[in-house]
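One file, query17.cif, is given below (mmCIF, C-alpha atoms).
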```
data_upload
loop_
_atom_site.label_atom_id
_atom_site.label_comp_id
_atom_site.auth_asym_id
_atom_site.auth_seq_id
_atom_site.Cartn_x
_atom_site.Cartn_y
_atom_site.Cartn_z
CA MET Q 1 -13.61 25.72 14.68
CA ASN Q 2 -13.60 26.50 10.97
CA TRP Q 3 -17.27 25.91 10.08
CA ASN Q 4 -20.53 27.41 11.26
CA SER Q 5 -22.78 24.81 9.66
CA ALA Q 6 -22.75 21.44 7.91
CA SER Q 7 -23.48 23.03 4.54
CA GLU Q 8 -20.53 25.36 5.01
CA PHE Q 9 -18.39 22.32 5.78
CA PHE Q 10 -19.48 20.48 2.64
CA ALA Q 11 -19.08 23.60 0.48
CA MET Q 12 -15.41 23.94 1.57
CA GLY Q 13 -15.45 27.60 0.67
CA GLY Q 14 -16.31 26.81 -2.97
CA TYR Q 15 -13.76 23.99 -3.26
CA GLY Q 16 -16.17 21.21 -2.24
CA LEU Q 17 -15.97 19.41 -5.60
CA TYR Q 18 -12.18 19.25 -5.44
CA VAL Q 19 -11.77 18.43 -1.76
CA TRP Q 20 -14.45 15.72 -1.70
CA GLY Q 21 -13.50 14.55 -5.19
CA ALA Q 22 -10.09 13.76 -3.70
CA TYR Q 23 -11.17 12.42 -0.29
CA VAL Q 24 -14.15 10.24 -1.23
CA PRO Q 25 -12.37 7.95 -3.77
CA MET Q 26 -9.46 7.52 -1.35
CA ALA Q 27 -11.82 6.62 1.51
CA VAL Q 28 -13.78 4.21 -0.72
CA TRP Q 29 -10.61 2.50 -1.88
CA MET Q 30 -9.32 2.14 1.68
CA LEU Q 31 -12.51 0.23 2.49
CA VAL Q 32 -12.57 -1.84 -0.73
CA GLU Q 33 -8.92 -2.92 -0.60
CA PRO Q 34 -9.05 -4.52 2.89
CA TRP Q 35 -12.27 -6.27 1.89
CA ARG Q 36 -10.67 -7.64 -1.27
CA ALA Q 37 -7.59 -8.76 0.67
CA VAL Q 38 -9.66 -10.66 3.24
CA GLN Q 39 -11.73 -12.23 0.42
CA ARG Q 40 -8.50 -13.48 -1.14
CA LEU Q 41 -7.42 -14.92 2.24
CA ARG Q 42 -10.79 -16.71 2.56
CA ARG Q 43 -10.45 -18.14 -0.95
CA ALA Q 44 -6.92 -19.33 -0.14
CA ARG Q 45 -8.21 -21.04 3.03
CA ASP Q 46 -10.99 -22.71 1.04
CA GLY Q 47 -8.35 -23.94 -1.39
CA VAL Q 48 -6.37 -25.54 1.44
CA ARG Q 49 -9.55 -27.16 2.84
CA GLU Q 50 -10.39 -28.61 -0.58
CA ARG Q 51 -6.99 -30.22 -0.77
CA LEU Q 52 -7.35 -31.60 2.73
CA ALA Q 53 -10.80 -32.97 1.90
CA SER Q 54 -9.55 -35.02 -1.08
CA PRO Q 55 -7.12 -37.63 0.34
CA ALA Q 56 -6.18 -38.81 -3.18
CA ASP Q 57 -4.08 -35.68 -3.56
CA TRP Q 58 -2.12 -36.30 -0.39
CA ASP Q 59 1.53 -36.95 -0.86
CA VAL Q 60 2.15 -38.16 2.69
CA ALA Q 61 5.10 -40.52 2.65
CA MET J 1 18.38 -37.61 6.44
CA ASN J 2 19.04 -34.03 7.33
CA TYR J 3 15.91 -32.07 8.13
CA ALA J 4 17.63 -28.81 9.00
CA PRO J 5 17.44 -27.11 5.56
CA ARG J 6 13.80 -28.06 5.23
CA PHE J 7 13.07 -26.59 8.64
CA PHE J 8 14.60 -23.27 7.64
CA THR J 9 12.78 -23.02 4.32
CA PHE J 10 9.44 -23.52 6.01
CA ALA J 11 10.17 -21.44 9.09
CA ALA J 12 9.87 -17.99 7.50
CA PRO J 13 6.37 -18.35 5.96
CA LEU J 14 5.07 -20.09 9.10
CA ARG J 15 6.35 -17.37 11.42
CA PHE J 16 5.16 -14.66 9.10
CA TYR J 17 1.70 -16.18 8.73
CA ARG J 18 1.22 -16.33 12.51
CA LEU J 19 2.70 -12.93 13.31
CA ALA J 20 0.91 -11.08 10.50
CA GLY J 21 -2.39 -12.68 11.50
CA ALA J 22 -1.92 -11.51 15.08
CA VAL J 23 -0.95 -7.91 14.33
CA SER J 24 -3.03 -6.94 11.29
CA PRO J 25 -6.31 -6.26 13.22
CA TRP J 26 -4.38 -3.99 15.60
CA LEU J 27 -2.77 -2.17 12.68
CA TYR J 28 -6.20 -1.50 11.19
CA GLY J 29 -7.26 -0.11 14.57
CA VAL J 30 -4.20 2.14 14.76
CA ALA J 31 -4.85 3.32 11.18
CA ALA J 32 -8.48 4.19 11.98
CA LEU J 33 -7.57 6.08 15.18
CA PHE J 34 -4.82 8.11 13.52
CA ALA J 35 -6.99 8.81 10.47
CA LEU J 36 -9.78 10.15 12.72
CA ALA J 37 -7.31 12.31 14.65
CA GLY J 38 -5.70 13.50 11.42
CA LEU J 39 -9.04 14.36 9.78
CA TYR J 40 -10.13 16.22 12.92
CA MET J 41 -6.90 18.22 12.94
CA GLY J 42 -7.03 18.76 9.17
CA PHE J 43 -10.63 19.91 8.90
CA MET J 44 -11.56 21.29 12.31
CA VAL J 45 -8.33 22.70 13.78
CA ALA J 46 -6.04 23.65 10.87
CA PRO J 47 -6.96 27.12 9.59
CA VAL J 48 -7.87 28.01 6.02
CA ASP J 49 -4.87 28.73 3.76
CA ALA J 50 -4.33 32.39 2.89
CA THR J 51 -3.71 31.82 -0.83
CA GLN J 52 -5.34 28.45 -1.66
CA GLY J 53 -8.44 28.64 0.50
CA ASN J 54 -9.82 25.28 1.60
CA SER J 55 -8.54 23.43 -1.48
CA TYR J 56 -5.19 23.00 0.28
CA ARG J 57 -6.82 20.46 2.65
CA ILE J 58 -6.20 17.85 -0.04
CA ILE J 59 -2.57 17.94 1.18
CA PHE J 60 -3.52 15.78 4.18
CA ILE J 61 -4.09 12.78 1.91
CA HIS J 62 -2.09 13.78 -1.17
CA VAL J 63 1.33 13.97 0.48
CA PRO J 64 0.94 10.76 2.56
CA ALA J 65 -0.29 8.89 -0.55
CA ALA J 66 2.68 10.15 -2.58
CA TRP J 67 5.15 9.23 0.18
CA MET J 68 3.63 5.76 0.49
CA SER J 69 3.80 5.24 -3.27
CA MET J 70 7.58 5.74 -3.18
CA VAL J 71 8.31 3.96 0.12
CA ILE J 72 6.26 0.92 -0.88
CA TYR J 73 8.04 0.74 -4.23
CA LEU J 74 11.43 0.69 -2.51
CA ALA J 75 10.18 -1.96 -0.08
CA MET J 76 8.80 -4.01 -2.97
CA ALA J 77 12.03 -3.75 -4.97
CA GLY J 78 14.07 -4.53 -1.84
CA TRP J 79 12.10 -7.67 -0.93
CA ALA J 80 12.04 -8.78 -4.57
CA ALA J 81 15.83 -8.42 -4.71
CA VAL J 82 16.27 -10.36 -1.44
CA GLY J 83 13.98 -13.09 -2.74
CA TRP J 84 15.93 -13.27 -5.97
CA ALA J 85 19.45 -13.13 -4.49
CA LEU J 86 18.90 -15.35 -1.45
CA ASN J 87 16.12 -17.55 -2.85
CA ALA J 88 14.00 -16.51 0.13
CA ARG J 89 10.41 -17.36 -0.72
CA MET J 90 8.80 -15.17 1.90
CA ALA J 91 10.63 -12.11 0.56
CA SER J 92 9.27 -12.72 -2.96
CA MET J 93 5.77 -13.20 -1.54
CA LEU J 94 6.04 -9.91 0.35
CA ALA J 95 7.11 -8.12 -2.84
CA ARG J 96 3.99 -9.41 -4.60
CA ALA J 97 1.79 -8.48 -1.64
CA LEU J 98 3.14 -4.92 -1.62
CA ALA J 99 2.55 -4.18 -5.31
CA PRO J 100 -1.26 -3.64 -5.38
CA THR J 101 -1.18 -1.36 -2.33
CA GLY J 102 1.71 0.63 -3.79
CA ALA J 103 -0.08 0.93 -7.13
CA ALA J 104 -3.23 2.11 -5.33
CA TYR J 105 -1.31 4.80 -3.42
CA THR J 106 0.36 5.90 -6.65
CA PHE J 107 -2.98 6.19 -8.40
CA LEU J 108 -4.44 8.06 -5.40
CA ALA J 109 -1.46 10.45 -5.30
CA LEU J 110 -2.11 11.27 -8.97
CA TRP J 111 -5.88 11.46 -8.47
CA THR J 112 -5.79 13.70 -5.39
CA GLY J 113 -3.08 15.75 -7.11
CA ALA J 114 -5.36 16.28 -10.13
CA PHE J 115 -8.16 17.48 -7.82
CA TRP J 116 -5.71 19.85 -6.19
CA GLY J 117 -4.07 20.96 -9.43
CA LYS J 118 -7.33 21.96 -11.09
CA PRO J 119 -8.27 24.74 -8.63
CA THR J 120 -4.61 25.72 -7.98
CA TRP J 121 -3.00 25.58 -11.44
CA GLY J 122 -6.13 25.51 -13.59
CA ALA J 123 -5.32 22.08 -15.03
CA TRP J 124 -6.10 18.50 -13.95
CA TRP J 125 -2.86 17.33 -15.51
CA VAL J 126 0.35 18.84 -16.84
CA TRP J 127 3.36 17.00 -18.31
CA ASP J 128 5.50 18.17 -15.45
CA ALA J 129 8.58 16.29 -14.20
CA ARG J 130 7.01 15.40 -10.83
CA LEU J 131 3.69 14.28 -12.30
CA THR J 132 5.21 12.39 -15.22
CA SER J 133 7.71 10.49 -13.07
CA GLU J 134 4.90 9.55 -10.65
CA LEU J 135 2.85 8.28 -13.63
CA ILE J 136 5.85 6.16 -14.67
CA LEU J 137 5.86 4.74 -11.12
CA LEU J 138 2.25 3.65 -11.64
CA PHE J 139 3.24 1.92 -14.89
CA LEU J 140 6.15 0.20 -13.12
CA TYR J 141 3.78 -1.18 -10.46
CA LEU J 142 1.29 -2.34 -13.10
CA GLY J 143 4.11 -3.82 -15.17
CA PHE J 144 5.45 -5.74 -12.15
CA MET J 145 1.99 -7.10 -11.32
CA ALA J 146 1.27 -8.08 -14.93
CA LEU J 147 4.69 -9.70 -15.38
CA VAL J 148 4.57 -11.90 -12.27
CA GLU J 149 0.99 -12.95 -13.10
CA ALA J 150 1.86 -13.76 -16.72
CA ILE J 151 4.59 -16.31 -15.90
CA ASP J 152 3.28 -19.63 -14.61
CA ASP J 153 6.52 -20.84 -13.04
CA THR J 154 6.48 -19.09 -9.66
CA ARG J 155 10.24 -18.89 -9.19
CA ARG J 156 10.80 -17.57 -12.69
CA ALA J 157 7.98 -15.08 -12.27
CA ASP J 158 9.56 -13.84 -9.04
CA GLN J 159 12.94 -13.47 -10.71
CA ALA J 160 11.57 -11.59 -13.72
CA GLY J 161 9.53 -9.35 -11.41
CA ALA J 162 12.59 -8.68 -9.24
CA LEU J 163 14.60 -7.58 -12.27
CA LEU J 164 11.86 -5.15 -13.34
CA ALA J 165 11.36 -3.85 -9.79
CA VAL J 166 15.09 -3.28 -9.16
CA VAL J 167 15.70 -1.53 -12.49
CA GLY J 168 12.58 0.59 -11.96
CA ALA J 169 13.79 1.68 -8.51
CA VAL J 170 15.93 4.33 -10.23
CA ASN J 171 12.67 6.20 -10.84
CA VAL J 172 12.05 6.79 -7.12
CA PRO J 173 14.89 9.30 -6.53
CA VAL J 174 13.93 10.90 -9.85
CA ILE J 175 10.40 11.51 -8.48
CA TYR J 176 11.69 12.76 -5.15
CA PHE J 177 14.28 15.18 -6.55
CA SER J 178 12.30 16.15 -9.69
CA VAL J 179 11.11 19.37 -8.07
CA ARG J 180 14.73 20.36 -7.47
CA TRP J 181 16.33 19.12 -10.69
CA TRP J 182 13.84 20.66 -13.09
CA ASN J 183 11.68 23.74 -13.19
CA THR J 184 8.27 22.36 -12.39
CA LEU J 185 4.82 23.62 -11.62
CA HIS J 186 4.70 21.31 -8.63
CA GLN J 187 5.68 22.89 -5.33
CA GLY J 188 8.85 21.83 -3.53
CA ALA J 189 9.19 19.23 -0.78
CA SER J 190 6.63 19.69 2.00
CA ILE J 191 8.97 18.40 4.68
CA SER J 192 12.71 18.82 4.78
CA MET J 193 15.13 17.28 7.22
CA THR J 194 17.38 20.31 7.06
CA ALA J 195 14.99 23.28 7.04
CA ALA J 196 12.30 24.49 9.40
CA PRO J 197 8.76 23.52 8.34
CA LYS J 198 7.10 26.01 6.02
CA MET J 199 3.61 25.01 7.13
CA ALA J 200 1.54 25.99 10.14
CA SER J 201 2.14 23.48 12.93
CA THR J 202 -1.50 22.33 12.97
CA MET J 203 -1.31 21.58 9.23
CA LEU J 204 1.94 19.70 9.73
CA THR J 205 0.47 17.72 12.64
CA ALA J 206 -2.59 16.76 10.58
CA MET J 207 -0.39 15.61 7.70
CA LEU J 208 1.85 13.54 9.97
CA LEU J 209 -1.15 11.91 11.69
CA MET J 210 -2.53 10.95 8.27
CA THR J 211 0.89 9.63 7.27
CA ILE J 212 1.01 7.35 10.33
CA ALA J 213 -2.53 6.18 9.48
CA CYS J 214 -1.42 5.36 5.92
CA TRP J 215 1.62 3.44 7.17
CA ALA J 216 -0.46 1.37 9.60
CA TYR J 217 -3.11 0.75 6.94
CA ALA J 218 -0.49 -0.32 4.39
CA PHE J 219 1.13 -2.78 6.82
CA ALA J 220 -2.27 -4.23 7.73
CA VAL J 221 -3.58 -4.75 4.21
CA VAL J 222 -0.24 -6.00 2.89
CA PHE J 223 -0.02 -8.49 5.78
CA VAL J 224 -3.49 -9.86 5.00
CA ARG J 225 -2.68 -10.16 1.28
CA ALA J 226 0.69 -11.77 2.04
CA ARG J 227 -1.03 -14.36 4.27
CA ALA J 228 -3.33 -15.22 1.37
CA ILE J 229 -0.32 -15.57 -0.95
CA VAL J 230 1.43 -17.81 1.60
CA LEU J 231 -1.59 -20.16 1.70
CA GLU J 232 -1.93 -20.12 -2.09
CA ARG J 233 1.69 -21.15 -2.53
CA GLU J 234 2.25 -23.39 0.45
CA ALA J 235 -1.06 -25.27 0.44
CA GLU J 236 0.84 -28.56 0.16
CA ALA J 237 3.15 -27.84 3.09
CA GLU J 238 2.90 -29.82 6.34
CA TRP J 239 2.83 -26.70 8.46
CA VAL J 240 -0.20 -25.36 6.59
CA ARG J 241 -2.10 -28.60 7.23
CA ALA J 242 -1.15 -28.38 10.88
CA LEU J 243 -2.59 -24.87 11.31
CA PRO J 244 -5.45 -24.72 13.84
CA GLU J 245 -7.88 -23.34 11.24
CA PHE J 246 -7.52 -26.52 9.18
CA LYS J 247 -7.16 -29.05 11.99
CA GLU J 248 -10.78 -29.81 12.77
CA LYS J 249 -12.02 -30.12 9.18
CA GLY J 250 -11.24 -32.78 6.62
CA MET J 251 -8.69 -34.70 8.68
CA PRO J 252 -9.21 -38.44 9.13
#
```
Spell out the structure here as structure tokens.
Amino acid sequence: MNWNSASEFFAMGGYGLYVWGAYVPMAVWMLVEPWRAVQRLRRARDGVRERLASPADWDVA
Amino acid sequence: MNYAPRFFTFAAPLRFYRLAGAVSPWLYGVAALFALAGLYMGFMVAPVDATQGNSYRIIFIHVPAAWMSMVIYLAMAGWAAVGWALNARMASMLARALAPTGAAYTFLALWTGAFWGKPTWGAWWVWDARLTSELILLFLYLGFMALVEAIDDTRRADQAGALLAVVGAVNVPVIYFSVRWWNTLHQGASISMTAAPKMASTMLTAMLLMTIACWAYAFAVVFVRARAIVLEREAEAEWVRALPEFKEKGMP
């Protein structure tokens, strides 16, 4: 084990700003991006439902 | 009337939509498990570096992000080219779905690199061959995304995007070999197929675990985005209307 305490872990031997400055934005983005992708999928599904709900737009031959 | 060609044109998006929907939750799970294992190895098991101290731990996300930025670009250019040459709609949709994730990894490679460069080289940024070519990769991604969004005609947008993506692909080997071709501040390749690893095995293991996590994550998020693109483009198609999620609502 490399760390004796939580504060030692967060300090990263004096490199805390750099290590967490790199890790935190990456972690945040990897949570935001899946959320945005699933929002886009939901919007696309709503778009299909709207088309289905308005029979005037149907081009069923 | 011959229905065979129509069947084939619709088959690829339908199959993709179903398959991607089934596997993407599992891929997110795999990504989370490997990321946890990789972070444990990287922070708890891998020892401190003799020369760089703990700042070197940025490698566990920096190298995977940089690898993904290049691999995703090649995948994007490849699918765009297939979509252009063979008129395969699903391939063009995949190219578009890959671009934002590739751009994000490129940005993160540059960002994490800046946070590693500052304590190691004393500068957030240098106009070095490796860094500059990676920045050009970011511009290529952003250019591709802007170009395909700017053209209203979908087929034409896909073709223009494919041309940009394929021409830009020449930048990927330039990035990869930049540390060999020019004298740069950036260190050489972390992993070589021909030489023994220069890193401690625990560091290497942590980096590979994080790389697998990034691959699984990229597949998952690209699959979800590609499914959205399929629905956006194929909303008029019979097979979309027949999907179970639309069956119960709005049908007479």
Go through chain J residue by residue and, counting all atoms listed in the file, keep those with an atom at most 9 Å from chain Q; for each kept residue give the shortest atom pair and its distance in Å to one decimal, ordered by chain and increasing number, as a tab-separated table.
```
residue	atom	partner	partner_atom	distance
J:Phe43	CA	Q:Asn2	CA	7.5
J:Met44	CA	Q:Met1	CA	5.4
J:Val45	CA	Q:Met1	CA	6.1
J:Ala46	CA	Q:Asn2	CA	8.1
J:Pro47	CA	Q:Asn2	CA	6.8
J:Val48	CA	Q:Asn2	CA	7.7
J:Gly53	CA	Q:Gly13	CA	7.1
J:Asn54	CA	Q:Met12	CA	5.7
J:Ser55	CA	Q:Tyr15	CA	5.5
J:Tyr56	CA	Q:Val19	CA	8.3
J:Arg57	CA	Q:Val19	CA	6.9
J:Ile58	CA	Q:Val19	CA	5.9
J:Ile61	CA	Q:Tyr23	CA	7.4
J:His62	CA	Q:Ala22	CA	8.4
J:Thr101	CA	Q:Glu33	CA	8.1
J:Ala104	CA	Q:Trp29	CA	8.2
J:Tyr105	CA	Q:Met26	CA	8.8
J:Leu108	CA	Q:Met26	CA	6.5
J:Trp111	CA	Q:Ala22	CA	6.8
J:Thr112	CA	Q:Ala22	CA	4.6
J:Gly113	CA	Q:Ala22	CA	8.0
J:Ala114	CA	Q:Ala22	CA	8.4
J:Phe115	CA	Q:Tyr18	CA	5.0
J:Trp116	CA	Q:Tyr18	CA	6.5
J:Lys118	CA	Q:Tyr18	CA	7.9
J:Pro119	CA	Q:Tyr18	CA	7.5
J:Tyr217	CA	Q:Met30	CA	8.3
J:Ala220	CA	Q:Pro34	CA	8.3
J:Val221	CA	Q:Pro34	CA	5.6
J:Val222	CA	Q:Ala37	CA	8.2
J:Val224	CA	Q:Ala37	CA	6.1
J:Arg225	CA	Q:Ala37	CA	5.1
J:Ala226	CA	Q:Leu41	CA	8.7
J:Arg227	CA	Q:Leu41	CA	6.7
J:Ala228	CA	Q:Leu41	CA	4.2
J:Ile229	CA	Q:Ala44	CA	7.6
J:Val230	CA	Q:Ala44	CA	8.7
J:Leu231	CA	Q:Ala44	CA	5.7
J:Glu232	CA	Q:Ala44	CA	5.4
J:Glu234	CA	Q:Val48	CA	8.9
J:Ala235	CA	Q:Val48	CA	5.4
J:Glu236	CA	Q:Val48	CA	7.9
J:Val240	CA	Q:Val48	CA	8.0
J:Arg241	CA	Q:Leu52	CA	7.5
J:Glu245	CA	Q:Arg45	CA	8.5
J:Phe246	CA	Q:Arg49	CA	6.7
J:Lys249	CA	Q:Arg49	CA	7.4
J:Gly250	CA	Q:Ala53	CA	4.7
J:Met251	CA	Q:Leu52	CA	6.8
```
Which value, in Å to one decimal, gives the distance between atom CA of J:Tyr17 and atom CA of J:Leu243? 10.0 Å
Shell around stretch 165-181 of chain J at 9 Å using only C-alpha atoms, local window under 3 positions removed, as number ranges by chain: J: 70-71, 73-74, 76-78, 80-81, 129-134, 136-137, 140-141, 144, 160-162, 184-189
Can you tell me how far atom CA of J:Ala146 sits from atom CA of J:Ala99, in Å to one decimal?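 Result for atom CA of J:Ala146 versus atom CA of J:Ala99: 10.5 Å, one decimal.
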Exercise on stretch 5-23 of chain Q, axis-aligned box with 6 Å per side, report centre and edge lengths in Å to one decimal, as lines of an AutoDock Vina configuration file:
```
center_x = -16.8
center_y = 20.0
center_z = 2.0
size_x = 25.4
size_y = 27.2
size_z = 27.3
```
Tell me, in Å to one decimal, how far atom CA of J:Ser190 is from atom CA of Q:Glu8. 27.9 Å
Using all atoms listed in the file, determine which residues lie at most 9 Å from J:Leu36, disregarding the query and same-chain residues fewer than 3 positions distant; provide the list as an NGL selection string. :J and (31-33 or 39-41 or 209-210 or 213)
Evaluated on this file, the PyMOL selection byres ((chain J and resi 202) around 10) picks out some residues - which ones are they, written as a count of residues only? 15
